[in-house]
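> Just passing along the structure, written as structure tokens.
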Amino acid sequence: MNIQTKAGFRKEFLAYLRTHKLLIVALVIIGLAIFNPLMITGLGVFIDSMSDVYDDLGMDVSGMTEMLGTATSTGVTSSVEGITGIGVIVVLLLLNSAAGGEQKKRSVIIPKSAGLRGVAYILPKFIIYPVSVFIFSVIAVFVSWGMSALLFDINDVTLGGVMISGILSGICMMFYVCFHLALGTATGRAGMSSAVCITASVLLPTIFSLISPDYMYNPFTLNVLAYIAVLSDTLTSTELTDIAVTSAVACIIMLITYLIALFAQNARRIDNSGSDIDL
């Protein structure tokens with residue numbers, strides 16, 4: 001690794017750390033894992049406390065309270081939905097500055113004019129940010145499992161299911177982060193990039209699930225696979241192979257997004273002409 005690339009990693013990591021975005025990303029992802037089981041438990045307690053009112057109205061809510069307050073899988077699946085839903089949206093917005101936002105202030109003009117290579121600028125982004133959200137997502141699913149085991153009576157989630165769900169949730173987060181980084185750095189329009197990626201994360205899983213009930217080999221439905229992994233008592237060797245292939249497809253696409261971002265960065269020509277000086 002040459003000096004430029006080392007400096008690029010140091011710059012990205014320090015920017016991630018000193019702007020407190022690393023801490024905020026961790027708190028958001030892990031916080032969702034803690035909040036969702038607590039919210040379900042609180043909702044069950046609230047409905048139970050209002051049972052007399054519901055009885056007067058002729059409504060039997062005992063089945064609902066049992067469903068909300070007994071199974072660990074309820075809390076974990078809720079957390080997985082939160083992490084791969086709300087978590088993706090918040091993380092993409094937080095990473096706007098890394099995904100081309102800095103280019104609006106021309107903060108990369110001087111380094112590029114002095115010989116900054118595209119690899120030294122792009123590679124650290126595609127390592128630091130996706131890897132960090134992957135790690136936090138895996139930790140968050142395990143935290144959710146532990147929290148749900150404390151709150152709910154029946155622990156119907158296996159260690160293997162939690163591990164697979166955590167890995168798939170992490171890959172799902174990485175997938176959209178890589179798309180955001182590629183589109184943002186290639187266009188220099190972080191706001192537009194985050195809007196496109198957020199819209200895709202919200203709409204595409206639903207669209208693909210309506211088109212086909214088979215979620216395998218489709219990286220846009222990784223969040224659904226993560227949800228299903230929690231509910232599955234045991235996964236067959238065929239299902240595990242299909243999940244591995246789906247994850248590999250997502251990783252290949254992430255590699256392609258990096259190459260596209262690198263190509264766009266190397267092909268871009270910076271216009272330093274003009275009399276205005278941006279400080």
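How things are named: the first chain in the structure tokens is A, the next is B, and so on; residues count from 1 in each chain; ligands count from 1 in the order shown.
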Using only C-alpha atoms, determine which residues lie at most 10 Å from range 90-106 of chain A, disregarding the query and same-chain residues fewer than 5 positions distant; provide the list as number ranges by chain.
A: 12, 15-16, 21-22, 24-26, 28-29, 83, 85, 122, 125, 129, 133, 173, 176-195, 197-198, 270, 272, 278-279
> Going by DSSP on the backbone, which bits of range 148-274 of chain A are helix (DSSP H, G or I)? Write them as a PDB file with C-alpha atoms, in the first residue's frame, please.

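Dumped to part18.pdb:
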```pdb
ATOM      1  CA  SER A 148     -35.574 -10.461  23.112  1.00  0.00           C
ATOM      2  CA  ALA A 149     -34.489 -13.492  25.164  1.00  0.00           C
ATOM      3  CA  LEU A 150     -34.701 -11.324  28.285  1.00  0.00           C
ATOM      4  CA  LEU A 151     -38.078  -9.823  27.433  1.00  0.00           C
ATOM      5  CA  LEU A 159     -27.795 -19.332  17.091  1.00  0.00           C
ATOM      6  CA  GLY A 160     -27.376 -20.320  13.445  1.00  0.00           C
ATOM      7  CA  GLY A 161     -30.464 -18.366  12.434  1.00  0.00           C
ATOM      8  CA  VAL A 162     -29.240 -15.274  14.257  1.00  0.00           C
ATOM      9  CA  MET A 163     -25.784 -15.533  12.692  1.00  0.00           C
ATOM     10  CA  ILE A 164     -27.127 -15.960   9.157  1.00  0.00           C
ATOM     11  CA  SER A 165     -29.643 -13.165   9.686  1.00  0.00           C
ATOM     12  CA  GLY A 166     -26.922 -10.855  11.004  1.00  0.00           C
ATOM     13  CA  ILE A 167     -24.638 -11.581   8.053  1.00  0.00           C
ATOM     14  CA  LEU A 168     -27.446 -11.042   5.542  1.00  0.00           C
ATOM     15  CA  SER A 169     -28.496  -7.811   7.275  1.00  0.00           C
ATOM     16  CA  GLY A 170     -24.891  -6.614   7.136  1.00  0.00           C
ATOM     17  CA  ILE A 171     -24.522  -7.470   3.453  1.00  0.00           C
ATOM     18  CA  CYS A 172     -27.818  -5.692   2.750  1.00  0.00           C
ATOM     19  CA  MET A 173     -26.509  -2.548   4.458  1.00  0.00           C
ATOM     20  CA  MET A 174     -23.185  -2.788   2.594  1.00  0.00           C
ATOM     21  CA  PHE A 175     -25.026  -3.214  -0.692  1.00  0.00           C
ATOM     22  CA  TYR A 176     -26.873   0.095  -0.470  1.00  0.00           C
ATOM     23  CA  VAL A 177     -23.891   1.932   1.023  1.00  0.00           C
ATOM     24  CA  CYS A 178     -21.734   0.852  -1.945  1.00  0.00           C
ATOM     25  CA  PHE A 179     -24.399   2.013  -4.383  1.00  0.00           C
ATOM     26  CA  HIS A 180     -24.556   5.356  -2.571  1.00  0.00           C
ATOM     27  CA  LEU A 181     -20.785   5.770  -2.609  1.00  0.00           C
ATOM     28  CA  ALA A 182     -20.547   4.875  -6.299  1.00  0.00           C
ATOM     29  CA  LEU A 183     -23.365   7.123  -7.479  1.00  0.00           C
ATOM     30  CA  GLY A 184     -22.406   9.980  -5.172  1.00  0.00           C
ATOM     31  CA  THR A 185     -18.700  10.072  -5.966  1.00  0.00           C
ATOM     32  CA  ALA A 186     -19.326   9.587  -9.698  1.00  0.00           C
ATOM     33  CA  THR A 187     -21.784  12.483  -9.957  1.00  0.00           C
ATOM     34  CA  ALA A 190     -24.688  13.229  -2.658  1.00  0.00           C
ATOM     35  CA  GLY A 191     -28.245  14.398  -2.031  1.00  0.00           C
ATOM     36  CA  MET A 192     -29.491  12.982  -5.313  1.00  0.00           C
ATOM     37  CA  SER A 193     -27.579   9.755  -4.703  1.00  0.00           C
ATOM     38  CA  SER A 194     -29.060   9.228  -1.225  1.00  0.00           C
ATOM     39  CA  ALA A 195     -32.567   9.948  -2.548  1.00  0.00           C
ATOM     40  CA  VAL A 196     -32.166   7.367  -5.321  1.00  0.00           C
ATOM     41  CA  CYS A 197     -30.701   4.728  -3.006  1.00  0.00           C
ATOM     42  CA  ILE A 198     -33.318   5.293  -0.289  1.00  0.00           C
ATOM     43  CA  THR A 199     -36.111   5.012  -2.844  1.00  0.00           C
ATOM     44  CA  ALA A 200     -34.561   1.809  -4.180  1.00  0.00           C
ATOM     45  CA  SER A 201     -34.228   0.322  -0.678  1.00  0.00           C
ATOM     46  CA  VAL A 202     -37.894   1.030   0.037  1.00  0.00           C
ATOM     47  CA  LEU A 203     -39.512   0.100  -3.278  1.00  0.00           C
ATOM     48  CA  LEU A 204     -37.387  -2.589  -4.936  1.00  0.00           C
ATOM     49  CA  PRO A 205     -37.745  -5.334  -2.261  1.00  0.00           C
ATOM     50  CA  THR A 206     -41.525  -4.907  -2.379  1.00  0.00           C
ATOM     51  CA  ILE A 207     -41.612  -4.875  -6.186  1.00  0.00           C
ATOM     52  CA  PHE A 208     -39.451  -7.995  -6.500  1.00  0.00           C
ATOM     53  CA  SER A 209     -41.458  -9.826  -3.838  1.00  0.00           C
ATOM     54  CA  LEU A 210     -44.637  -9.105  -5.827  1.00  0.00           C
ATOM     55  CA  ILE A 211     -43.056 -10.213  -9.095  1.00  0.00           C
ATOM     56  CA  PRO A 219     -29.516  -9.084  -3.775  1.00  0.00           C
ATOM     57  CA  PHE A 220     -32.337  -6.545  -3.524  1.00  0.00           C
ATOM     58  CA  THR A 221     -34.261  -8.951  -1.294  1.00  0.00           C
ATOM     59  CA  LEU A 222     -31.450  -9.640   1.183  1.00  0.00           C
ATOM     60  CA  ASN A 223     -33.507  -7.971   3.905  1.00  0.00           C
ATOM     61  CA  VAL A 224     -36.322 -10.459   3.301  1.00  0.00           C
ATOM     62  CA  LEU A 225     -33.873 -13.372   3.472  1.00  0.00           C
ATOM     63  CA  ALA A 226     -32.517 -11.989   6.751  1.00  0.00           C
ATOM     64  CA  TYR A 227     -36.082 -11.906   8.079  1.00  0.00           C
ATOM     65  CA  ILE A 228     -36.771 -15.465   6.918  1.00  0.00           C
ATOM     66  CA  ALA A 229     -33.522 -16.779   8.445  1.00  0.00           C
ATOM     67  CA  VAL A 230     -34.731 -15.795  11.911  1.00  0.00           C
ATOM     68  CA  LEU A 231     -37.988 -17.700  11.499  1.00  0.00           C
ATOM     69  CA  SER A 237     -27.973 -27.496   2.700  1.00  0.00           C
ATOM     70  CA  THR A 238     -29.723 -26.382  -0.485  1.00  0.00           C
ATOM     71  CA  GLU A 239     -31.106 -23.270   1.215  1.00  0.00           C
ATOM     72  CA  LEU A 240     -27.701 -22.460   2.711  1.00  0.00           C
ATOM     73  CA  THR A 241     -26.107 -22.832  -0.722  1.00  0.00           C
ATOM     74  CA  ASP A 242     -28.720 -20.541  -2.263  1.00  0.00           C
ATOM     75  CA  ILE A 243     -28.135 -17.952   0.468  1.00  0.00           C
ATOM     76  CA  ALA A 244     -24.366 -18.150  -0.086  1.00  0.00           C
ATOM     77  CA  VAL A 245     -24.837 -17.669  -3.845  1.00  0.00           C
ATOM     78  CA  THR A 246     -27.167 -14.701  -3.259  1.00  0.00           C
ATOM     79  CA  SER A 247     -24.594 -13.135  -0.935  1.00  0.00           C
ATOM     80  CA  ALA A 248     -21.850 -13.760  -3.505  1.00  0.00           C
ATOM     81  CA  VAL A 249     -23.943 -12.058  -6.204  1.00  0.00           C
ATOM     82  CA  ALA A 250     -24.365  -9.040  -3.923  1.00  0.00           C
ATOM     83  CA  CYS A 251     -20.599  -8.919  -3.258  1.00  0.00           C
ATOM     84  CA  ILE A 252     -19.848  -9.095  -6.999  1.00  0.00           C
ATOM     85  CA  ILE A 253     -22.240  -6.214  -7.637  1.00  0.00           C
ATOM     86  CA  MET A 254     -20.543  -4.230  -4.841  1.00  0.00           C
ATOM     87  CA  LEU A 255     -17.190  -4.836  -6.538  1.00  0.00           C
ATOM     88  CA  ILE A 256     -18.668  -3.600  -9.804  1.00  0.00           C
ATOM     89  CA  THR A 257     -19.928  -0.423  -8.110  1.00  0.00           C
ATOM     90  CA  TYR A 258     -16.384   0.202  -6.834  1.00  0.00           C
ATOM     91  CA  LEU A 259     -14.948  -0.234 -10.330  1.00  0.00           C
ATOM     92  CA  ILE A 260     -17.586   2.107 -11.765  1.00  0.00           C
ATOM     93  CA  ALA A 261     -16.792   4.744  -9.124  1.00  0.00           C
ATOM     94  CA  LEU A 262     -13.062   4.356  -9.796  1.00  0.00           C
ATOM     95  CA  PHE A 263     -13.553   4.638 -13.546  1.00  0.00           C
ATOM     96  CA  ALA A 264     -15.733   7.740 -13.174  1.00  0.00           C
ATOM     97  CA  GLN A 265     -13.200   9.362 -10.849  1.00  0.00           C
ATOM     98  CA  ASN A 266     -10.279   8.684 -13.177  1.00  0.00           C
ATOM     99  CA  ALA A 267     -12.248   9.865 -16.211  1.00  0.00           C
TER     100      ALA A 267
END
```
> What is the distance, in Å and to one decimal place, between CA of Ser132 in chain A and CA of Val76 in chain A?
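So the answer is 20.9 Å.
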> May I ask for the distance between CA of Phe9 in chain A and CA of Ile128 in chain A, given in Å to one decimal place?
7.8 Å
> Rank A:Ile154, A:Ile89, A:Val80, A:Val119 by their smallest atom-to-atom distance to Val138 in chain A, using only C-alpha atoms, and report the top residue only.
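Of A:Ile154, A:Ile89, A:Val80, A:Val119, the one nearest Val138 in chain A is A:Val80, counting only C-alpha atoms.
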> In terms of the shortest atom-to-atom distance over only C-alpha atoms, which of A:Val143, A:Val157, A:Val88, A:Leu235 is closest to Pro130 in chain A?
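The answer is A:Val88, which sits nearest to Pro130 in chain A.
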> Using only C-alpha atoms, can you tell me which of A:Phe136, A:Ile127, A:Met147, A:Asn218 comes closest to Phe13 in chain A?
A:Ile127
> Tell me, in Å to one decimal, how far CA of Leu23 in chain A is from CA of Lys11 in chain A.
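Result for CA of Leu23 in chain A versus CA of Lys11 in chain A: 16.8 Å, one decimal.
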> Of the candidates A:Ile3, A:Pro124, A:Gly75, A:Arg117, which one gets nearest to Leu43 in chain A if we count only C-alpha atoms?
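Answer, going by the shortest atom-to-atom distance: A:Gly75.
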